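The data block below is upload.pdb; it holds PDB, N, CA and C atoms.
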MODEL        1
ATOM      1  N   MET A   1     140.560 106.575  78.017
ATOM      2  CA  MET A   1     141.448 107.185  78.989
ATOM      3  C   MET A   1     142.722 107.659  78.288
ATOM      4  N   LYS A   2     143.174 108.843  78.648
ATOM      5  CA  LYS A   2     144.394 109.393  78.066
ATOM      6  C   LYS A   2     145.605 108.712  78.695
ATOM      7  N   GLU A   3     146.661 108.586  77.922
ATOM      8  CA  GLU A   3     147.886 107.981  78.419
ATOM      9  C   GLU A   3     148.990 109.006  78.506
ATOM     10  N   ALA A   4     149.750 108.944  79.593
ATOM     11  CA  ALA A   4     150.939 109.774  79.762
ATOM     12  C   ALA A   4     152.111 108.827  79.961
ATOM     13  N   ASP A   5     152.993 108.782  78.980
ATOM     14  CA  ASP A   5     154.155 107.904  79.029
ATOM     15  C   ASP A   5     155.315 108.682  79.648
ATOM     16  N   PHE A   6     155.629 108.376  80.905
ATOM     17  CA  PHE A   6     156.654 109.121  81.640
ATOM     18  C   PHE A   6     158.066 108.844  81.138
ATOM     19  N   SER A   7     158.232 107.924  80.184
ATOM     20  CA  SER A   7     159.560 107.720  79.604
ATOM     21  C   SER A   7     159.817 108.734  78.488
ATOM     22  N   LYS A   8     158.772 109.444  78.049
ATOM     23  CA  LYS A   8     158.918 110.479  77.020
ATOM     24  C   LYS A   8     159.357 111.789  77.669
ATOM     25  N   ASN A   9     159.969 112.661  76.852
ATOM     26  CA  ASN A   9     160.363 113.949  77.408
ATOM     27  C   ASN A   9     159.134 114.848  77.576
ATOM     28  N   LEU A  10     159.314 115.867  78.394
ATOM     29  CA  LEU A  10     158.207 116.744  78.743
ATOM     30  C   LEU A  10     157.651 117.497  77.535
ATOM     31  N   PHE A  11     158.527 117.888  76.618
ATOM     32  CA  PHE A  11     158.090 118.596  75.417
ATOM     33  C   PHE A  11     157.098 117.749  74.624
ATOM     34  N   ASP A  12     157.431 116.474  74.432
ATOM     35  CA  ASP A  12     156.546 115.581  73.679
ATOM     36  C   ASP A  12     155.222 115.348  74.402
ATOM     37  N   LEU A  13     155.294 115.179  75.724
ATOM     38  CA  LEU A  13     154.067 114.963  76.492
ATOM     39  C   LEU A  13     153.122 116.155  76.411
ATOM     40  N   VAL A  14     153.675 117.361  76.560
ATOM     41  CA  VAL A  14     152.842 118.566  76.507
ATOM     42  C   VAL A  14     152.319 118.793  75.089
ATOM     43  N   SER A  15     153.103 118.412  74.089
ATOM     44  CA  SER A  15     152.634 118.521  72.703
ATOM     45  C   SER A  15     151.424 117.613  72.473
ATOM     46  N   GLU A  16     151.447 116.424  73.062
ATOM     47  CA  GLU A  16     150.343 115.469  72.922
ATOM     48  C   GLU A  16     149.129 115.886  73.758
ATOM     49  N   HIS A  17     149.398 116.367  74.976
ATOM     50  CA  HIS A  17     148.331 116.717  75.930
ATOM     51  C   HIS A  17     148.681 118.050  76.593
ATOM     52  N   PRO A  18     148.259 119.167  76.020
ATOM     53  CA  PRO A  18     148.618 120.490  76.568
ATOM     54  C   PRO A  18     148.236 120.692  78.032
ATOM     55  N   GLU A  19     147.233 119.966  78.526
ATOM     56  CA  GLU A  19     146.824 120.120  79.921
ATOM     57  C   GLU A  19     147.888 119.629  80.904
ATOM     58  N   ILE A  20     148.857 118.868  80.423
ATOM     59  CA  ILE A  20     149.941 118.390  81.285
ATOM     60  C   ILE A  20     150.747 119.574  81.815
ATOM     61  N   LYS A  21     150.878 120.612  81.025
ATOM     62  CA  LYS A  21     151.613 121.803  81.462
ATOM     63  C   LYS A  21     150.990 122.378  82.729
ATOM     64  N   ASP A  22     149.677 122.436  82.766
ATOM     65  CA  ASP A  22     148.936 122.928  83.933
ATOM     66  C   ASP A  22     149.141 122.025  85.149
ATOM     67  N   ILE A  23     149.044 120.727  84.927
ATOM     68  CA  ILE A  23     149.216 119.762  86.014
ATOM     69  C   ILE A  23     150.604 119.917  86.630
ATOM     70  N   MET A  24     151.619 119.984  85.777
ATOM     71  CA  MET A  24     152.988 120.093  86.258
ATOM     72  C   MET A  24     153.215 121.399  87.010
ATOM     73  N   SER A  25     152.657 122.471  86.511
ATOM     74  CA  SER A  25     152.803 123.770  87.163
ATOM     75  C   SER A  25     152.206 123.742  88.569
ATOM     76  N   LYS A  26     151.032 123.143  88.700
ATOM     77  CA  LYS A  26     150.366 123.058  90.001
ATOM     78  C   LYS A  26     151.129 122.169  90.981
ATOM     79  N   LEU A  27     151.908 121.243  90.464
ATOM     80  CA  LEU A  27     152.697 120.356  91.318
ATOM     81  C   LEU A  27     154.009 120.992  91.787
ATOM     82  N   GLY A  28     154.304 122.195  91.298
ATOM     83  CA  GLY A  28     155.521 122.879  91.731
ATOM     84  C   GLY A  28     156.564 123.061  90.645
ATOM     85  N   PHE A  29     156.294 122.580  89.457
ATOM     86  CA  PHE A  29     157.215 122.754  88.337
ATOM     87  C   PHE A  29     156.883 124.063  87.624
ATOM     88  N   THR A  30     157.050 125.182  88.327
ATOM     89  CA  THR A  30     156.624 126.480  87.803
ATOM     90  C   THR A  30     157.501 126.965  86.648
ATOM     91  N   ALA A  31     158.708 126.462  86.536
ATOM     92  CA  ALA A  31     159.597 126.872  85.441
ATOM     93  C   ALA A  31     159.022 126.500  84.082
ATOM     94  N   ILE A  32     158.098 125.552  84.068
ATOM     95  CA  ILE A  32     157.480 125.124  82.812
ATOM     96  C   ILE A  32     156.731 126.280  82.134
ATOM     97  N   ASN A  33     156.364 127.300  82.909
ATOM     98  CA  ASN A  33     155.627 128.444  82.370
ATOM     99  C   ASN A  33     156.528 129.529  81.796
ATOM    100  N   LYS A  34     157.835 129.425  82.031
ATOM    101  CA  LYS A  34     158.769 130.433  81.507
ATOM    102  C   LYS A  34     158.892 130.271  79.994
ATOM    103  N   PRO A  35     158.895 131.385  79.274
ATOM    104  CA  PRO A  35     159.027 131.303  77.810
ATOM    105  C   PRO A  35     160.292 130.540  77.401
ATOM    106  N   GLY A  36     160.130 129.612  76.502
ATOM    107  CA  GLY A  36     161.266 128.869  75.966
ATOM    108  C   GLY A  36     161.711 127.676  76.799
ATOM    109  N   MET A  37     161.273 127.586  78.035
ATOM    110  CA  MET A  37     161.737 126.495  78.905
ATOM    111  C   MET A  37     161.316 125.126  78.358
ATOM    112  N   LEU A  38     160.103 125.036  77.899
ATOM    113  CA  LEU A  38     159.605 123.759  77.371
ATOM    114  C   LEU A  38     160.352 123.368  76.099
ATOM    115  N   GLN A  39     160.701 124.363  75.280
ATOM    116  CA  GLN A  39     161.393 124.071  74.015
ATOM    117  C   GLN A  39     162.865 123.721  74.227
ATOM    118  N   THR A  40     163.440 124.108  75.354
ATOM    119  CA  THR A  40     164.858 123.807  75.591
ATOM    120  C   THR A  40     164.993 122.645  76.571
ATOM    121  N   ALA A  41     164.861 122.902  77.850
ATOM    122  CA  ALA A  41     165.024 121.853  78.866
ATOM    123  C   ALA A  41     163.972 120.760  78.709
ATOM    124  N   GLY A  42     162.790 121.129  78.251
ATOM    125  CA  GLY A  42     161.709 120.162  78.097
ATOM    126  C   GLY A  42     161.982 119.088  77.070
ATOM    127  N   ARG A  43     162.947 119.326  76.190
ATOM    128  CA  ARG A  43     163.259 118.336  75.150
ATOM    129  C   ARG A  43     164.101 117.173  75.678
ATOM    130  N   TYR A  44     164.751 117.362  76.837
ATOM    131  CA  TYR A  44     165.523 116.247  77.397
ATOM    132  C   TYR A  44     165.053 115.840  78.795
ATOM    133  N   MET A  45     164.203 116.651  79.413
ATOM    134  CA  MET A  45     163.739 116.368  80.766
ATOM    135  C   MET A  45     162.507 115.462  80.743
ATOM    136  N   THR A  46     162.569 114.401  81.536
ATOM    137  CA  THR A  46     161.394 113.546  81.723
ATOM    138  C   THR A  46     160.774 113.894  83.073
ATOM    139  N   ILE A  47     159.559 113.472  83.277
ATOM    140  CA  ILE A  47     158.893 113.752  84.549
ATOM    141  C   ILE A  47     159.630 113.078  85.717
ATOM    142  N   PRO A  48     160.043 111.815  85.605
ATOM    143  CA  PRO A  48     160.785 111.220  86.726
ATOM    144  C   PRO A  48     162.088 111.966  87.054
ATOM    145  N   LYS A  49     162.818 112.432  86.025
ATOM    146  CA  LYS A  49     164.047 113.195  86.272
ATOM    147  C   LYS A  49     163.734 114.510  86.976
ATOM    148  N   GLY A  50     162.685 115.184  86.519
ATOM    149  CA  GLY A  50     162.280 116.444  87.133
ATOM    150  C   GLY A  50     161.835 116.258  88.568
ATOM    151  N   ALA A  51     161.122 115.172  88.825
ATOM    152  CA  ALA A  51     160.661 114.880  90.189
ATOM    153  C   ALA A  51     161.857 114.677  91.118
ATOM    154  N   GLN A  52     162.853 113.976  90.618
ATOM    155  CA  GLN A  52     164.054 113.728  91.407
ATOM    156  C   GLN A  52     164.796 115.042  91.687
ATOM    157  N   MET A  53     164.918 115.885  90.683
ATOM    158  CA  MET A  53     165.605 117.172  90.851
ATOM    159  C   MET A  53     164.882 118.081  91.840
ATOM    160  N   LYS A  54     163.551 118.123  91.755
ATOM    161  CA  LYS A  54     162.748 119.006  92.604
ATOM    162  C   LYS A  54     162.389 118.355  93.942
ATOM    163  N   LYS A  55     162.788 117.088  94.111
ATOM    164  CA  LYS A  55     162.487 116.338  95.338
ATOM    165  C   LYS A  55     160.976 116.271  95.611
ATOM    166  N   ILE A  56     160.235 116.012  94.535
ATOM    167  CA  ILE A  56     158.785 115.817  94.622
ATOM    168  C   ILE A  56     158.546 114.327  94.415
ATOM    169  N   PRO A  57     157.863 113.675  95.360
ATOM    170  CA  PRO A  57     157.645 112.228  95.217
ATOM    171  C   PRO A  57     156.921 111.883  93.917
ATOM    172  N   LEU A  58     157.475 110.939  93.181
ATOM    173  CA  LEU A  58     156.890 110.523  91.911
ATOM    174  C   LEU A  58     155.478 109.981  92.119
ATOM    175  N   GLU A  59     155.237 109.350  93.262
ATOM    176  CA  GLU A  59     153.907 108.822  93.558
ATOM    177  C   GLU A  59     152.870 109.949  93.582
ATOM    178  N   LYS A  60     153.260 111.098  94.121
ATOM    179  CA  LYS A  60     152.361 112.259  94.181
ATOM    180  C   LYS A  60     152.022 112.739  92.768
ATOM    181  N   ILE A  61     153.014 112.751  91.897
ATOM    182  CA  ILE A  61     152.811 113.184  90.512
ATOM    183  C   ILE A  61     151.903 112.191  89.787
ATOM    184  N   ILE A  62     152.180 110.909  89.953
ATOM    185  CA  ILE A  62     151.358 109.883  89.313
ATOM    186  C   ILE A  62     149.912 110.009  89.772
ATOM    187  N   GLN A  63     149.707 110.208  91.075
ATOM    188  CA  GLN A  63     148.363 110.348  91.622
ATOM    189  C   GLN A  63     147.649 111.554  91.011
ATOM    190  N   SER A  64     148.355 112.658  90.856
ATOM    191  CA  SER A  64     147.760 113.863  90.253
ATOM    192  C   SER A  64     147.334 113.601  88.811
ATOM    193  N   PHE A  65     148.179 112.890  88.071
ATOM    194  CA  PHE A  65     147.837 112.562  86.683
ATOM    195  C   PHE A  65     146.621 111.635  86.629
ATOM    196  N   GLU A  66     146.604 110.645  87.503
ATOM    197  CA  GLU A  66     145.475 109.721  87.525
ATOM    198  C   GLU A  66     144.181 110.438  87.918
ATOM    199  N   ASN A  67     144.282 111.389  88.831
ATOM    200  CA  ASN A  67     143.111 112.180  89.229
ATOM    201  C   ASN A  67     142.571 113.022  88.075
ATOM    202  N   GLN A  68     143.433 113.343  87.109
ATOM    203  CA  GLN A  68     143.037 114.120  85.940
ATOM    204  C   GLN A  68     142.637 113.221  84.763
ATOM    205  N   GLY A  69     142.521 111.913  85.017
ATOM    206  CA  GLY A  69     142.045 110.993  83.983
ATOM    207  C   GLY A  69     143.117 110.390  83.104
ATOM    208  N   PHE A  70     144.368 110.429  83.537
ATOM    209  CA  PHE A  70     145.467 109.859  82.757
ATOM    210  C   PHE A  70     145.816 108.467  83.247
ATOM    211  N   LEU A  71     146.218 107.623  82.317
ATOM    212  CA  LEU A  71     146.823 106.347  82.635
ATOM    213  C   LEU A  71     148.321 106.562  82.492
ATOM    214  N   VAL A  72     149.047 106.395  83.573
ATOM    215  CA  VAL A  72     150.502 106.641  83.569
ATOM    216  C   VAL A  72     151.235 105.381  83.154
ATOM    217  N   LYS A  73     152.127 105.544  82.167
ATOM    218  CA  LYS A  73     152.956 104.445  81.662
ATOM    219  C   LYS A  73     154.413 104.859  81.719
ATOM    220  N   GLY A  74     155.302 103.901  81.492
ATOM    221  CA  GLY A  74     156.720 104.214  81.366
ATOM    222  C   GLY A  74     157.441 104.469  82.674
ATOM    223  N   VAL A  75     156.837 103.998  83.781
ATOM    224  CA  VAL A  75     157.481 104.169  85.084
ATOM    225  C   VAL A  75     157.101 102.968  85.950
ATOM    226  N   ASP A  76     158.048 102.543  86.777
ATOM    227  CA  ASP A  76     157.766 101.437  87.690
ATOM    228  C   ASP A  76     157.022 101.993  88.900
ATOM    229  N   LYS A  77     155.829 101.471  89.149
ATOM    230  CA  LYS A  77     155.024 101.947  90.287
ATOM    231  C   LYS A  77     155.266 101.063  91.494
TER     232      LYS A  77
ENDMDL
END

Do you think you could lay out the structure here as structure tokens?
Amino acid sequence: MKEADFSKNLFDLVSEHPEIKDIMSKLGFTAINKPGMLQTAGRYMTIPKGAQMKKIPLEKIIQSFENQGFLVKGVDK
């Protein structure tokens, strides 16, 4: 099973698992597809911080990752 450590920044997560970019985009984080966004904001943004900013329940994000075969770490469930 693949692991997604939500304490890591988005840039590192997508570097490890490129399919995370797709998952995040489908969840409403469409800015992730803009050129350069991952290399700039993605270097300090974590998934929990992004969820809070976009007002997307973290539980929904975790469920989406688990549905895609990820084991989510680095967050209190």

I'd like the neighbourhood of region 26-34 of chain A as a PyMOL selection string, where a residue qualifies if any of its atoms comes within 8 Å (using all atoms listed in the file), though same-chain residues fewer than 4 positions away should be ignored. chain A and resi 20-22+38-39+50+54+56+60-61

Please expand the PyMOL selection byres ((chain A and resi 4) around 6) into the concrete residues it hits in this file, giving the result as a list in words.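 For this structure, the PyMOL selection byres ((chain A and resi 4) around 6) captures Lys2, Glu3, Asp5, Phe6, Phe70, Leu71, Val72 and Lys73 of chain A.
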
Store the residues picked out above, limited to N, CA and C atoms, as a PDB file, in the frame of the given file.
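After the write, result27.pdb holds the following:
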ATOM      1  N   LYS A   2     143.174 108.843  78.648  1.00  0.00           N
ATOM      2  CA  LYS A   2     144.394 109.393  78.066  1.00  0.00           C
ATOM      3  C   LYS A   2     145.605 108.712  78.695  1.00  0.00           C
ATOM      4  N   GLU A   3     146.661 108.586  77.922  1.00  0.00           N
ATOM      5  CA  GLU A   3     147.886 107.981  78.419  1.00  0.00           C
ATOM      6  C   GLU A   3     148.990 109.006  78.506  1.00  0.00           C
ATOM      7  N   ASP A   5     152.993 108.782  78.980  1.00  0.00           N
ATOM      8  CA  ASP A   5     154.155 107.904  79.029  1.00  0.00           C
ATOM      9  C   ASP A   5     155.315 108.682  79.648  1.00  0.00           C
ATOM     10  N   PHE A   6     155.629 108.376  80.905  1.00  0.00           N
ATOM     11  CA  PHE A   6     156.654 109.121  81.640  1.00  0.00           C
ATOM     12  C   PHE A   6     158.066 108.844  81.138  1.00  0.00           C
ATOM     13  N   PHE A  70     144.368 110.429  83.537  1.00  0.00           N
ATOM     14  CA  PHE A  70     145.467 109.859  82.757  1.00  0.00           C
ATOM     15  C   PHE A  70     145.816 108.467  83.247  1.00  0.00           C
ATOM     16  N   LEU A  71     146.218 107.623  82.317  1.00  0.00           N
ATOM     17  CA  LEU A  71     146.823 106.347  82.635  1.00  0.00           C
ATOM     18  C   LEU A  71     148.321 106.562  82.492  1.00  0.00           C
ATOM     19  N   VAL A  72     149.047 106.395  83.573  1.00  0.00           N
ATOM     20  CA  VAL A  72     150.502 106.641  83.569  1.00  0.00           C
ATOM     21  C   VAL A  72     151.235 105.381  83.154  1.00  0.00           C
ATOM     22  N   LYS A  73     152.127 105.544  82.167  1.00  0.00           N
ATOM     23  CA  LYS A  73     152.956 104.445  81.662  1.00  0.00           C
ATOM     24  C   LYS A  73     154.413 104.859  81.719  1.00  0.00           C
TER      25      LYS A  73
END

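The strand (DSSP E or B) portion of chain A consists of Lys2, Glu3, Ala4, Asp5, Asn9, Thr46, Phe70, Leu71, Val72 and Lys73 of chain A, with states taken from DSSP on the backbone.
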
Judged by all atoms listed in the file, the minimum distance to Gly42 (chain A) among A:Met1, A:Ile62, A:Leu13, A:Met24 is found for A:Leu13

From A:Leu58, A:Phe11, A:Asp76, A:Gly69, residue lying nearest Arg43 (chain A) [all atoms listed in the file]: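 Using all atoms listed in the file, Arg43 (chain A) sits closest to A:Phe11.
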
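The gap separating CA of Thr40 (chain A) from CA of Asn9 (chain A) is 11.0 Å, in Å to one decimal.
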
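Nearest to Ser7 (chain A) of all the residues A:Glu59, A:Pro48, A:Met53, A:Phe65 is A:Pro48, based on all atoms listed in the file.
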
Would you give me, as a PyMOL selection string, the residues in chain A that DSSP reads as alpha helix (DSSP H)? chain A and resi 10-16+19-26+37-40+47-54+58-67

Considering only N, CA and C atoms, state which residue in the set A:Ser25, A:Thr46, A:Gln68, A:Gln52 is at the smallest distance from Leu10 (chain A). A:Thr46

Just the number, please: distance in Å from atom N of Tyr44 (chain A) to CA of Val75 (chain A), one decimal.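 Between atom N of Tyr44 (chain A) and CA of Val75 (chain A) the gap works out to 17.2 Å.
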
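Atom pair atom C of Asn67 (chain A) / atom C of Pro35 (chain A): separated by 27.1 Å.
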